[in-house]
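The structure under discussion appears below in the form of structure tokens.
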Amino acid sequence: MLPRILRRLGQGVFVLLLVTVFTFLLVHLAPGGPSSVMRMGSTAAEREALRHSLGLDRPLPVQYLSWIVGVLHGNFGASLTGGQPVGPLIAQRLWNTVKLGVSVFVLIVVFGT
């Protein structure tokens with residue numbers, strides 16, 4: 001039983017790693033990259049300064065490692081629109097998300113049976 005649990009945990013970690021890599025790459029493969037979305041209407045010099053301040057001018061593996069280390073430490077970065085820390089924004093909306101998820105689950109169970 002224990003080897004099966006350990007194997008499943010290992011598979012879960014592997015899937016989480018793949019999801020983070022895929023998500024990270026999708027953001028960077030978007031046309032113009034992440035910095036073009038942040039400050040529409042800014043000059044090229046301002047966008048380049050923003051790219052440098054966010055570390056987007058570093059190689060992708062370095063960016064990914066610094067991003068994943070930040071996430072593991074609870075630092076989710078800053079909001080693209082407001083510049084506020086994302087962690088408190090997520091925490092502020094988490095309860096409504098949980099209520100919605102539980103409600104949908106109950107409806108699925110009721111109508112599914």
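Letters A, B, ... mark the chains of the structure tokens in the order given; residue numbers begin at 1 per chain; ligand numbers begin at 1, in order shown.
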
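Around Ala78 in chain A, within 12 Å and counting only C-alpha atoms, the residues found are Met38, Leu54, Trp67, Gly70, Val71, Gly83, Gln84, Pro85, Val86, Gly87, Pro88, Leu89 and Ile90 of chain A, once anything fewer than 5 positions away on its own chain is removed.
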
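In this structure, CA of Val62 in chain A sits 16.5 Å away from CA of Phe76 in chain A.
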
All residues 12 Å or closer to Leu65 in chain A, only C-alpha atoms, same chain fewer than 5 positions away omitted, as a list in words: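 My reading of the contact set: Leu17, Thr20, Val21, Phe24, Gly55, Arg58, Pro59, Leu60, Gly70, Val71 and Leu72 of chain A.
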
Take the residues just selected and output them with N, CA and C atoms as a compact mmCIF listing (two decimals), in the first residue's frame.
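In the end it all went to part.txt:
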# COMPACT_ATOMS: atom_id res chain seq x y z
N LEU A 17 4.48 19.75 -11.90
CA LEU A 17 5.64 20.34 -12.57
C LEU A 17 5.34 20.60 -14.04
N THR A 20 2.98 23.60 -14.39
CA THR A 20 3.65 24.89 -14.18
C THR A 20 4.52 25.26 -15.38
N VAL A 21 5.25 24.28 -15.92
CA VAL A 21 6.09 24.56 -17.09
C VAL A 21 5.23 24.97 -18.28
N PHE A 24 3.78 28.49 -17.69
CA PHE A 24 4.86 29.47 -17.82
C PHE A 24 5.20 29.71 -19.29
N GLY A 55 12.70 41.22 -14.71
CA GLY A 55 13.59 40.09 -14.97
C GLY A 55 13.24 39.32 -16.23
N ARG A 58 16.08 37.99 -18.71
CA ARG A 58 16.92 36.84 -18.37
C ARG A 58 16.49 35.63 -19.18
N PRO A 59 17.34 34.60 -19.27
CA PRO A 59 16.96 33.38 -20.01
C PRO A 59 15.73 32.72 -19.37
N LEU A 60 14.93 32.03 -20.20
CA LEU A 60 13.70 31.41 -19.72
C LEU A 60 13.90 30.44 -18.57
N GLY A 70 9.70 31.59 -6.02
CA GLY A 70 8.81 32.60 -5.43
C GLY A 70 7.46 32.04 -5.08
N VAL A 71 6.88 31.22 -5.97
CA VAL A 71 5.57 30.61 -5.71
C VAL A 71 5.66 29.67 -4.51
N LEU A 72 6.72 28.89 -4.42
CA LEU A 72 6.88 27.97 -3.29
C LEU A 72 7.04 28.72 -1.97

Per-residue DSSP, chain A, filtered to alpha helix (DSSP H), as a VMD selection string: chain A and resid 2 to 29 33 to 38 44 to 54 60 to 72 86 to 112
